[in-house]
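Chemist: Pasting query00.cif below, which is mmCIF, C-alpha atoms.
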```cif
data_my_file
loop_
_atom_site.label_atom_id
_atom_site.label_comp_id
_atom_site.auth_asym_id
_atom_site.auth_seq_id
_atom_site.Cartn_x
_atom_site.Cartn_y
_atom_site.Cartn_z
CA MET I 1 -16.81 -22.89 98.46
CA GLN I 2 -13.68 -21.29 99.85
CA SER I 3 -11.18 -20.21 97.23
CA ILE I 4 -7.50 -20.77 97.98
CA ASP I 5 -7.05 -17.15 96.95
CA PRO I 6 -7.90 -14.86 99.91
CA ARG I 7 -8.64 -12.00 97.53
CA ILE I 8 -11.47 -13.97 95.94
CA ASN I 9 -12.94 -14.64 99.38
CA ARG I 10 -12.71 -10.97 100.29
CA LEU I 11 -14.79 -10.08 97.26
CA ASP I 12 -17.90 -11.15 99.19
CA LEU I 13 -19.50 -12.67 96.14
CA PRO I 14 -23.21 -13.53 96.07
CA ALA I 15 -23.80 -17.06 97.27
CA ASN I 16 -26.16 -19.57 95.67
CA ASP I 17 -28.33 -22.11 97.55
CA ASP I 18 -25.31 -24.26 98.48
CA GLY I 19 -23.60 -21.29 99.99
CA LYS I 20 -21.06 -21.50 97.20
CA LYS I 21 -19.68 -18.34 95.77
CA ILE I 22 -20.48 -17.60 92.19
CA LEU I 23 -17.96 -15.92 89.98
CA SER I 24 -19.63 -13.47 87.69
CA GLU I 25 -18.11 -12.41 84.39
CA LEU I 26 -16.37 -9.37 85.80
CA GLU I 27 -14.39 -11.16 88.45
CA GLN I 28 -12.17 -12.81 85.89
CA LEU I 29 -10.77 -10.95 82.90
CA GLU I 30 -11.36 -12.52 79.52
CA THR I 31 -8.69 -14.58 77.80
CA TYR I 32 -6.56 -13.85 74.77
CA GLU I 33 -4.73 -16.43 72.66
CA VAL I 34 -1.05 -15.63 72.21
CA PHE I 35 1.02 -16.36 69.09
CA HIS I 36 4.79 -16.19 69.18
CA GLN I 37 7.14 -15.45 66.28
CA LYS I 38 10.79 -16.31 66.74
CA LYS I 39 12.32 -14.46 63.80
CA ARG I 40 10.79 -12.00 61.40
CA GLY I 41 9.39 -14.00 58.47
CA ASP I 42 8.77 -17.14 60.56
CA GLN I 43 5.25 -18.33 61.22
CA HIS I 44 3.52 -17.16 64.39
CA VAL I 45 3.01 -20.22 66.58
CA HIS I 46 0.27 -20.48 69.19
CA CYS I 47 1.88 -20.66 72.63
CA GLY I 48 -0.88 -20.19 75.22
CA ILE I 49 -3.40 -17.84 76.74
CA ILE I 50 -3.37 -14.71 78.86
CA HIS I 51 -5.98 -12.95 80.99
CA ALA I 52 -6.24 -9.27 80.09
CA SER I 53 -8.56 -6.31 79.93
CA SER I 54 -7.61 -5.17 76.41
CA HIS I 55 -5.44 -6.12 73.45
CA GLU I 56 -2.80 -3.66 74.65
CA MET I 57 -2.73 -5.19 78.12
CA ALA I 58 -2.62 -8.69 76.64
CA LEU I 59 0.48 -7.81 74.61
CA ILE I 60 2.23 -6.25 77.61
CA LEU I 61 1.55 -9.29 79.81
CA ALA I 62 2.24 -11.84 77.07
CA LYS I 63 5.73 -10.42 76.67
CA GLU I 64 6.72 -11.55 80.16
CA GLN I 65 4.82 -14.87 80.07
CA TYR I 66 5.87 -16.09 76.66
CA ALA I 67 8.86 -14.12 75.40
CA ARG I 68 11.03 -13.74 78.50
CA ARG I 69 13.13 -16.82 78.05
CA ARG I 70 13.42 -17.22 74.30
CA GLN I 71 14.22 -15.37 71.15
CA THR I 72 11.26 -13.32 69.97
CA SER I 73 10.63 -10.84 67.20
CA ASN I 74 6.87 -10.44 67.39
CA LEU I 75 3.74 -11.41 69.33
CA TRP I 76 0.11 -11.57 68.26
CA VAL I 77 -2.89 -11.67 70.57
CA VAL I 78 -6.44 -12.57 69.58
CA LYS I 79 -9.49 -12.66 71.82
CA THR I 80 -10.31 -16.30 72.56
CA LYS I 81 -13.97 -15.64 71.78
CA ASP I 82 -12.97 -14.48 68.27
CA ILE I 83 -11.51 -17.89 67.40
CA ALA I 84 -13.78 -20.12 65.32
CA ALA I 85 -13.15 -23.86 65.72
CA THR I 86 -14.39 -27.14 64.35
CA ALA I 87 -16.37 -29.35 66.73
CA TYR I 88 -14.62 -32.33 68.30
CA ASP I 89 -17.76 -34.29 67.42
CA ASP I 90 -16.81 -33.76 63.79
CA THR I 91 -13.27 -35.08 64.14
CA ASP I 92 -14.23 -37.91 61.76
CA ILE I 93 -14.08 -35.45 58.86
CA PHE I 94 -10.27 -35.54 59.15
CA GLU I 95 -9.99 -39.29 58.78
CA ALA I 96 -8.68 -40.38 55.38
CA THR I 97 -9.89 -43.61 53.87
CA PRO I 98 -7.05 -46.18 53.85
CA GLU I 99 -6.90 -46.53 50.07
CA LYS I 100 -6.41 -42.80 49.60
CA THR I 101 -2.97 -42.58 51.19
CA TYR I 102 -1.78 -41.00 47.94
CA ARG I 103 -3.26 -37.82 49.42
CA GLU I 104 -0.63 -37.84 52.16
CA ALA I 105 2.87 -36.54 51.59
CA SER I 106 4.38 -39.52 53.38
CA ASP I 107 3.11 -41.77 50.60
CA TYR I 108 5.60 -40.36 48.11
CA TYR I 109 9.13 -41.74 47.82
CA CYS I 110 11.11 -39.37 45.70
CA MET I 111 14.29 -38.46 47.62
CA ASP I 112 16.28 -41.20 45.82
CA ARG I 113 15.39 -39.70 42.46
CA ILE I 114 16.14 -36.17 43.65
CA ARG I 115 19.58 -37.18 44.97
CA LYS I 116 20.39 -38.99 41.76
CA TYR I 117 19.43 -35.93 39.73
CA GLN I 118 21.51 -33.68 41.98
CA GLN I 119 24.58 -35.92 41.60
CA GLU I 120 24.24 -36.15 37.83
CA HIS I 121 23.97 -32.36 37.50
CA GLY I 122 26.52 -31.47 40.17
CA ILE I 123 23.94 -29.76 42.38
CA LYS I 124 24.89 -29.64 46.04
CA ASP I 125 22.30 -30.53 48.64
CA ARG I 126 22.36 -27.55 51.02
CA LYS I 127 20.51 -29.36 53.79
CA GLU I 128 23.01 -32.20 53.62
CA GLU I 129 25.90 -29.72 53.69
CA ARG I 130 24.54 -27.97 56.75
CA ARG I 131 24.08 -31.27 58.49
CA ASN I 132 27.65 -32.36 57.72
CA LYS I 133 28.93 -29.00 58.93
CA LYS I 134 27.10 -29.34 62.25
CA GLU I 135 28.43 -32.84 62.78
CA SER I 136 32.00 -31.81 62.07
CA VAL I 137 31.68 -29.04 64.70
CA MET D 1 38.55 9.32 80.81
CA GLU D 2 40.99 10.36 83.56
CA TYR D 3 39.28 12.12 86.44
CA ASN D 4 40.81 14.53 88.92
CA ASP D 5 39.83 14.12 92.57
CA THR D 6 36.71 16.28 92.46
CA GLN D 7 35.54 14.79 89.18
CA HIS D 8 36.06 11.32 90.65
CA LYS D 9 33.86 12.28 93.59
CA ALA D 10 31.23 13.82 91.31
CA VAL D 11 30.95 10.73 89.11
CA LYS D 12 30.76 8.41 92.10
CA GLU D 13 27.98 10.43 93.71
CA PHE D 14 26.10 10.43 90.42
CA LEU D 15 26.43 6.64 90.03
CA TYR D 16 25.36 6.00 93.61
CA LYS D 17 22.11 7.88 93.24
CA ILE D 18 21.22 6.09 90.00
CA ALA D 19 21.97 2.64 91.39
CA ASP D 20 20.42 3.26 94.82
CA ASP D 21 17.15 4.34 93.19
CA GLN D 22 17.13 1.20 91.04
CA LEU D 23 17.94 -1.16 93.90
CA ILE D 24 15.41 0.27 96.32
CA ILE D 25 12.50 0.51 93.88
CA GLY D 26 13.38 -2.98 92.67
CA HIS D 27 13.31 -4.27 96.23
CA ARG D 28 10.05 -2.49 97.02
CA ASN D 29 8.36 -3.77 93.86
CA SER D 30 9.55 -7.30 94.59
CA GLU D 31 7.43 -7.17 97.77
CA TRP D 32 4.45 -7.69 95.46
CA THR D 33 5.72 -11.08 94.30
CA GLY D 34 3.00 -13.63 95.05
CA LEU D 35 0.47 -10.90 95.91
CA GLY D 36 -0.13 -9.33 92.48
CA PRO D 37 -3.70 -8.72 91.35
CA MET D 38 -3.54 -11.58 88.83
CA VAL D 39 -0.93 -14.17 88.04
CA GLU D 40 0.13 -12.66 84.70
CA GLU D 41 0.66 -9.25 86.28
CA ASP D 42 2.39 -10.81 89.28
CA ILE D 43 4.95 -12.35 86.93
CA ALA D 44 5.39 -9.19 84.86
CA PHE D 45 5.76 -6.89 87.87
CA SER D 46 8.16 -9.28 89.61
CA SER D 47 10.21 -9.50 86.46
CA ILE D 48 10.40 -5.73 86.20
CA ALA D 49 11.48 -5.56 89.85
CA GLN D 50 14.21 -8.07 89.13
CA ASP D 51 15.34 -6.07 86.09
CA LYS D 52 15.83 -2.97 88.25
CA ILE D 53 17.93 -4.87 90.76
CA GLY D 54 20.02 -6.24 87.89
CA GLN D 55 20.55 -2.74 86.55
CA SER D 56 21.72 -1.51 89.95
CA LEU D 57 24.23 -4.37 90.12
CA HIS D 58 25.90 -3.19 86.93
CA VAL D 59 26.11 0.40 88.14
CA TYR D 60 27.59 -0.80 91.45
CA GLU D 61 30.15 -2.73 89.42
CA ILE D 62 31.22 0.51 87.74
CA LEU D 63 31.65 1.98 91.22
CA HIS D 64 33.70 -1.05 92.23
CA SER D 65 35.97 -0.44 89.22
CA MET D 66 36.46 3.09 90.58
CA GLY D 67 37.76 1.85 93.91
CA GLU D 68 34.55 1.32 95.90
CA ALA D 69 33.73 -1.96 97.66
CA ASP D 70 32.20 -4.86 95.72
CA ALA D 71 28.52 -4.73 94.75
CA ASP D 72 27.19 -6.96 97.56
CA THR D 73 29.02 -5.00 100.23
CA ILE D 74 27.81 -1.71 98.77
CA ALA D 75 24.22 -2.92 98.56
CA PHE D 76 23.90 -4.78 101.85
CA THR D 77 26.14 -3.11 104.41
CA ARG D 78 25.59 0.64 104.10
CA ASN D 79 23.10 2.30 106.44
CA ALA D 80 20.45 4.79 105.34
CA ALA D 81 22.65 7.88 105.75
CA HIS D 82 25.00 6.48 103.10
CA TYR D 83 22.24 5.83 100.59
CA LYS D 84 21.56 8.40 97.86
CA CYS D 85 18.12 7.25 96.71
CA SER D 86 15.11 9.55 96.40
CA HIS D 87 12.24 9.42 98.91
CA LEU D 88 9.91 8.22 96.15
CA VAL D 89 11.44 4.75 96.04
CA GLU D 90 11.63 4.32 99.83
CA HIS D 91 7.95 4.51 100.64
CA PRO D 92 6.16 1.24 101.45
CA ILE D 93 4.30 -0.39 98.58
CA GLY D 94 0.89 0.79 99.79
CA GLU D 95 -1.96 -0.46 97.64
CA TYR D 96 -1.44 -1.44 94.01
CA ASP D 97 -2.52 1.98 92.74
CA PHE D 98 0.32 3.62 94.70
CA SER D 99 2.92 1.13 93.47
CA LEU D 100 1.78 1.44 89.85
CA MET D 101 1.81 5.23 89.94
CA ARG D 102 5.21 5.36 91.61
CA ASN D 103 6.57 2.96 89.03
CA PHE D 104 5.09 5.04 86.19
CA LEU D 105 6.67 8.28 87.43
CA PHE D 106 9.99 6.60 88.17
CA ASN D 107 10.22 4.61 84.92
CA HIS D 108 9.82 7.64 82.72
CA ALA D 109 12.51 9.53 84.63
CA GLU D 110 14.82 6.53 84.36
CA HIS D 111 14.07 6.03 80.68
CA LEU D 112 14.87 9.65 79.82
CA ARG D 113 17.95 9.71 82.07
CA PHE D 114 19.37 6.67 80.29
CA GLU D 115 18.56 8.16 76.90
CA MET D 116 20.64 11.19 77.90
CA LEU D 117 23.38 8.94 79.25
CA ALA D 118 23.74 7.03 75.98
CA SER D 119 26.11 9.82 74.90
CA SER D 120 27.70 10.40 78.31
CA SER D 121 31.46 10.78 78.66
CA ILE D 122 31.22 8.18 81.45
CA SER D 123 31.72 5.45 78.87
CA GLN D 124 30.76 2.49 81.10
CA LEU D 125 27.48 4.23 81.85
CA ALA D 126 26.88 5.04 78.18
CA PHE D 127 27.37 1.34 77.47
CA LEU D 128 24.78 0.38 80.11
CA ALA D 129 22.35 2.98 78.75
CA LYS D 130 22.45 1.29 75.35
CA LYS D 131 22.32 -2.20 76.85
CA TYR D 132 19.20 -1.47 78.92
CA LYS D 133 17.34 0.59 76.34
CA GLY D 134 14.78 -2.10 75.47
CA GLU D 135 14.38 -3.30 79.04
CA ILE D 136 13.53 0.16 80.36
CA LYS D 137 11.31 0.89 77.35
CA TYR D 138 9.24 -2.16 78.25
CA HIS D 139 8.95 -0.93 81.84
CA THR D 140 7.49 2.36 80.59
CA MET D 141 5.08 0.54 78.25
CA HIS D 142 3.89 -1.63 81.12
CA SER D 143 3.32 1.46 83.28
CA ASN D 144 1.56 3.39 80.54
CA THR D 145 -0.84 0.53 79.88
CA TRP D 146 -1.87 0.22 83.52
CA ILE D 147 -2.20 3.95 84.08
CA LYS D 148 -4.48 4.23 81.07
CA GLN D 149 -6.45 1.12 81.98
CA LEU D 150 -7.16 2.18 85.55
CA GLY D 151 -7.44 5.89 84.84
CA LEU D 152 -10.33 5.17 82.47
CA ALA D 153 -11.89 1.95 83.81
CA ASN D 154 -14.49 3.11 86.34
CA GLU D 155 -15.12 5.70 89.02
CA GLU D 156 -13.32 3.85 91.79
CA SER D 157 -10.23 3.02 89.74
CA HIS D 158 -10.03 6.59 88.46
CA ALA D 159 -10.34 8.04 91.97
CA ARG D 160 -7.68 5.68 93.26
CA MET D 161 -5.24 6.56 90.50
CA GLN D 162 -5.83 10.29 90.95
CA THR D 163 -5.20 9.96 94.69
CA ALA D 164 -2.06 7.95 94.02
CA LEU D 165 -0.84 10.65 91.64
CA ASN D 166 -1.52 13.36 94.21
CA GLU D 167 0.41 11.38 96.84
CA THR D 168 3.41 10.51 94.69
CA PHE D 169 3.96 13.63 92.63
CA ASN D 170 6.03 15.69 95.07
CA LEU D 171 7.95 12.54 95.94
CA ALA D 172 8.74 12.08 92.25
CA LEU D 173 9.98 15.65 91.98
CA GLY D 174 12.58 14.63 94.56
CA ILE D 175 14.22 12.46 91.88
CA PHE D 176 15.49 15.67 90.31
CA GLU D 177 17.21 17.13 93.37
CA GLU D 178 20.26 18.90 91.96
CA SER D 179 23.74 17.83 92.97
CA GLU D 180 26.47 20.20 94.14
CA PHE D 181 28.49 18.71 91.27
CA ALA D 182 25.84 19.46 88.62
CA LEU D 183 27.90 22.06 86.79
CA MET D 184 31.01 19.90 86.81
CA LEU D 185 29.15 16.87 85.43
CA ASN D 186 27.69 19.08 82.74
CA GLU D 187 31.10 20.48 81.78
CA MET D 188 32.54 16.97 81.67
CA ASN D 189 29.76 16.01 79.22
CA ALA D 190 28.81 13.35 81.72
CA PHE D 191 25.23 14.48 82.35
CA GLU D 192 23.34 17.54 81.22
CA GLY D 193 21.56 18.07 84.53
CA GLU D 194 18.54 17.24 86.64
CA ARG D 195 16.64 20.35 85.60
CA ALA D 196 16.82 19.42 81.91
CA LEU D 197 15.77 15.89 82.81
CA GLN D 198 12.82 17.10 84.87
CA GLU D 199 11.57 19.27 82.01
CA MET D 200 11.69 16.37 79.55
CA TRP D 201 10.04 14.10 82.09
CA PHE D 202 7.22 16.56 82.63
CA GLU D 203 6.66 16.93 78.89
CA THR D 204 6.55 13.14 78.51
CA ILE D 205 4.20 12.25 81.35
CA THR D 206 1.74 15.13 80.84
CA PRO D 207 0.02 13.78 77.68
CA LEU D 208 0.09 10.23 79.07
CA LEU D 209 -1.66 11.25 82.28
CA GLU D 210 -4.11 13.41 80.35
CA SER D 211 -5.03 10.49 78.10
CA ALA D 212 -5.78 8.54 81.29
CA SER D 213 -8.01 11.42 82.41
CA LEU D 214 -5.70 12.18 85.34
CA LYS D 215 -4.88 15.68 86.51
CA ILE D 216 -1.33 16.64 87.41
CA PRO D 217 -1.13 18.55 90.70
CA SER D 218 0.13 22.09 90.29
CA ILE D 219 3.92 21.97 90.62
CA SER D 220 4.14 25.49 92.01
CA LEU D 221 2.09 24.44 95.04
CA LEU D 222 4.18 21.40 95.81
CA GLN D 223 7.24 21.05 97.99
CA PRO D 224 9.51 18.56 96.19
CA ALA D 225 10.67 15.79 98.53
CA TYR D 226 14.38 16.66 98.53
CA GLY D 227 17.03 15.31 100.84
CA GLY D 228 17.46 11.74 99.63
CA ARG D 229 20.42 12.59 97.39
CA LYS D 230 22.23 14.03 100.41
CA GLY D 231 21.55 11.07 102.69
CA TYR D 232 18.48 12.41 104.51
CA HIS D 233 15.79 9.79 104.24
CA THR D 234 12.27 8.90 105.29
CA GLU D 235 11.67 6.65 108.27
CA TYR D 236 10.94 3.82 105.82
CA LEU D 237 14.41 3.30 104.38
CA GLN D 238 16.38 1.91 107.34
CA PRO D 239 13.89 -0.93 108.10
CA LEU D 240 14.00 -1.87 104.41
CA LEU D 241 17.82 -1.96 104.47
CA ASP D 242 17.80 -4.04 107.67
CA GLU D 243 15.58 -6.61 106.03
CA MET D 244 17.31 -6.55 102.63
CA GLY D 245 20.77 -7.11 104.12
CA ALA D 246 19.81 -9.53 106.89
CA VAL D 247 20.88 -12.71 105.12
CA PHE D 248 24.07 -11.18 103.72
CA ARG D 249 25.16 -9.98 107.15
CA LEU D 250 24.76 -13.45 108.67
CA ASP D 251 27.95 -14.38 106.87
CA PRO D 252 29.46 -11.71 104.62
CA GLU D 253 32.21 -14.13 103.55
CA ALA D 254 29.81 -16.83 102.31
CA GLU D 255 30.22 -18.08 98.74
CA TRP D 256 26.96 -17.90 96.80
#
```
So, in terms of structure tokens, how does the structure I just supplied come out?

Modeler:
Amino acid sequence: MQSIDPRINRLDLPANDDGKKILSELEQLETYEVFHQKKRGDQHVHCGIIHASSHEMALILAKEQYARRRQTSNLWVVKTKDIAATAYDDTDIFEATPEKTYREASDYYCMDRIRKYQQEHGIKDRKEERRNKKESV
Amino acid sequence: MEYNDTQHKAVKEFLYKIADDQLIIGHRNSEWTGLGPMVEEDIAFSSIAQDKIGQSLHVYEILHSMGEADADTIAFTRNAAHYKCSHLVEHPIGEYDFSLMRNFLFNHAEHLRFEMLASSSISQLAFLAKKYKGEIKYHTMHSNTWIKQLGLANEESHARMQTALNETFNLALGIFEESEFALMLNEMNAFEGERALQEMWFETITPLLESASLKIPSISLLQPAYGGRKGYHTEYLQPLLDEMGAVFRLDPEAEW
């Protein structure tokens, strides 16, 4: 197998029976998962992966890949192999039985009552105010 | 600040050497674009190269405000004898070890120079020094990480980095070639001086290189590569300038 990357071909990797080149562990650095925080206090949000040789290197490279074109206050990196995950075969554990929709937030209708209470007590809805402000701009 | 004729000349010479260093190392480093050792590093190194070119633009703009030609004309139409960059930045990119080591030595000098310039009486330059503080800090962090990584990784990488250091060190000393206007710039509170900068630079890089298990060549045995600040350059600069300005010179009046 010829790689499209001439540097990989130059590595002169050991070939298997098909004459294909085998990439051993060392020829590709391990991956780190990158988490991006927009403002201090916000949640860190997963944004992608990076190849690196250490946590320090992962942070340095992640800065250019994931923080160059947007507001950033902080980055986290975690080795991909240190992430524990559920199995996709077990996805059925997340399915809710239809009659238990009361477990889901969307099943609750309470905004009408909240608005009514706010009006009666003269409480301003800050979200609503912000929205009106944006529209008027 | 109002300058008399000699002061005007001194400030211009000072600005030219800062900007020419930035432009030429930026151009050299950009030659790695698409060839970096891995895609993440390719992007980071290219971005750093672009940053340097951007910095030079803003210094050329200060020069333009002092009566020099516009930035494009300054950058793309002068020949080597009119450039004030150090020999360090002119050399071809070599292998990645050479480029990384050069960038390490240059970035720390630039970082410290701009820290000094944050309180310079050349107010436009002091403004740029504050503006680019974070950008240049990142460049030094990037360099430090690679120097440490490769200095400590294995026998081959260590040997390569040590060789690169041996090859680049006297070139880097050329950054600090003193100007005939040094005393005047100092008295104007524009810039303390290259000697002070070199001392700080040496103090900064020594522990970093030691932590990467790299040995600094003995300064007393080295001949610093001087001449660049006076317009005497290596054979490598003119071909670089020919290539860099080729498109501009096709039609200097073109609107971009």

Chemist: Would you kindly report the residues of chain I within 10 Å of chain D, using all atoms listed in the file, as a PyMOL selection string?

Modeler: chain I and resi 5+7+28-29+50-54+56-65+68

Chemist: Can you tell me, as a list in words, what residues are no more than 7 Å from Arg229 of chain D when counting only C-alpha atoms, ignoring any on the same chain fewer than 6 positions away?

Modeler: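 Contacts, with the query itself left out: Lys17, Lys84, Cys85, Ser86 and Glu177 of chain D.
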
Chemist: For the residues in the current selection, export C-alpha atoms as a PDB file, in the coordinates of the input.

Modeler:
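The new file part-v7.pdb reads:
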```
ATOM      1  CA  LYS D  17      22.110   7.880  93.240  1.00  0.00           C
ATOM      2  CA  LYS D  84      21.560   8.400  97.860  1.00  0.00           C
ATOM      3  CA  CYS D  85      18.120   7.250  96.710  1.00  0.00           C
ATOM      4  CA  SER D  86      15.110   9.550  96.400  1.00  0.00           C
ATOM      5  CA  GLU D 177      17.210  17.130  93.370  1.00  0.00           C
TER       6      GLU D 177
END
```

Chemist: Work out how far apart atom CA of Ile123 of chain I and atom CA of Ala105 of chain I are and give it in Å to one decimal.

Modeler: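 Going from atom CA of Ile123 of chain I over to atom CA of Ala105 of chain I, I get 24.0 Å.
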
Chemist: Please provide as a PyMOL selection string all residues within 12 Å of Leu171 of chain D, with the sequence filter that same-chain residues fewer than 4 positions apart are discarded (counting all atoms listed in the file).

Modeler: chain D and resi 85-91+98+101-103+105-106+164-167+175-177+219+222-228+233-234

Chemist: What residues come out when you apply the PyMOL selection byres ((chain D and resi 198-201) around 8) to this file, written as a list of chain:residue names?

Modeler: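 Applied to this file, the PyMOL selection byres ((chain D and resi 198-201) around 8) selects D:His108, D:Ala109, D:Leu112, D:Leu173, D:Phe176, D:Glu194, D:Arg195, D:Ala196, D:Leu197, D:Phe202, D:Glu203, D:Thr204, D:Ile205.
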
Chemist: Quick one, how far is atom CA of Arg160 of chain D from atom CA of Ser30 of chain D?

Modeler: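 Rounded to one decimal, the two atoms are 21.6 Å apart.
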
Chemist: Evaluated on this file, the PyMOL selection byres ((chain I and resi 75-92) around 8) picks out some residues - which ones are they, written as a list of chain:residue names?

Modeler: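 Applying the PyMOL selection byres ((chain I and resi 75-92) around 8) to the structure shown produces I:Glu30, I:Thr31, I:Tyr32, I:Glu33, I:Val34, I:Phe35, I:His36, I:Gln37, I:His44, I:His55, I:Ala58, I:Leu59, I:Ala62, I:Lys63, I:Thr72, I:Ser73, I:Asn74, I:Ile93, I:Phe94, I:Glu95.
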
Chemist: Quick check, in Å to one decimal: how far apart do atom CA of Ala118 of chain D and atom CA of Lys130 of chain D lie?

Modeler: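 Answer for the atom CA of Ala118 of chain D to atom CA of Lys130 of chain D separation: 5.9 Å.
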
Chemist: Mind listing as a list in words all residues within 12 Å of (28.2, 7.5, 74.8), counting all atoms listed in the file?

Modeler: Phe114, Glu115, Met116, Leu117, Ala118, Ser119, Ser120, Ser121, Ile122, Ser123, Gln124, Leu125, Ala126, Phe127, Leu128, Ala129, Lys130, Lys131, Asn189, Ala190 and Phe191 of chain D

Chemist: Write out as a list in words which residues come within 12 Å of Val247 of chain D when counting all atoms listed in the file, dropping same-chain ones fewer than 6 positions away.

Modeler: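 Everything that qualifies: Asp72, Phe76, Thr77, Leu241, Glu253, Ala254 and Trp256 of chain D.
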
Chemist: When distances are computed from only C-alpha atoms, which of D:Arg113, D:Pro92, D:Met66, D:Asn186 shows the smallest separation from His8 of chain D?

Modeler: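 The closest residue to His8 of chain D is D:Met66.
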
Chemist: Report as number ranges by chain all protein, DNA and RNA residues lying within 12 Å of Gln7 of chain D, evaluated on all atoms listed in the file, omitting residues in the same chain fewer than 2 positions from it.

Modeler: D: 1-5, 9-14, 66, 121-122, 180-190

Chemist: Could you write out as a PDB file with C-alpha atoms, keeping the file's coordinate frame the residues that the PyMOL selection byres ((chain D and resi 79) around 10) matches in the shown file?

Modeler:
```pdb
ATOM      1  CA  ILE D  74      27.810  -1.710  98.770  1.00  0.00           C
ATOM      2  CA  ALA D  75      24.220  -2.920  98.560  1.00  0.00           C
ATOM      3  CA  PHE D  76      23.900  -4.780 101.850  1.00  0.00           C
ATOM      4  CA  THR D  77      26.140  -3.110 104.410  1.00  0.00           C
ATOM      5  CA  ARG D  78      25.590   0.640 104.100  1.00  0.00           C
ATOM      6  CA  ALA D  80      20.450   4.790 105.340  1.00  0.00           C
ATOM      7  CA  ALA D  81      22.650   7.880 105.750  1.00  0.00           C
ATOM      8  CA  HIS D  82      25.000   6.480 103.100  1.00  0.00           C
ATOM      9  CA  TYR D  83      22.240   5.830 100.590  1.00  0.00           C
ATOM     10  CA  GLY D 231      21.550  11.070 102.690  1.00  0.00           C
ATOM     11  CA  LEU D 237      14.410   3.300 104.380  1.00  0.00           C
ATOM     12  CA  GLN D 238      16.380   1.910 107.340  1.00  0.00           C
ATOM     13  CA  PRO D 239      13.890  -0.930 108.100  1.00  0.00           C
ATOM     14  CA  LEU D 241      17.820  -1.960 104.470  1.00  0.00           C
ATOM     15  CA  ASP D 242      17.800  -4.040 107.670  1.00  0.00           C
ATOM     16  CA  GLY D 245      20.770  -7.110 104.120  1.00  0.00           C
TER      17      GLY D 245
END
```

Chemist: Kindly list the centre and edge lengths in Å, rounded to one decimal, for the axis-aligned box that covers all listed atoms of segment 89-96 of chain D plus 3 Å on each of its six sides, as lines of an AutoDock Vina configuration file.

Modeler:
```
center_x = 4.8
center_y = 1.7
center_z = 97.7
size_x = 19.6
size_y = 12.2
size_z = 13.4
```
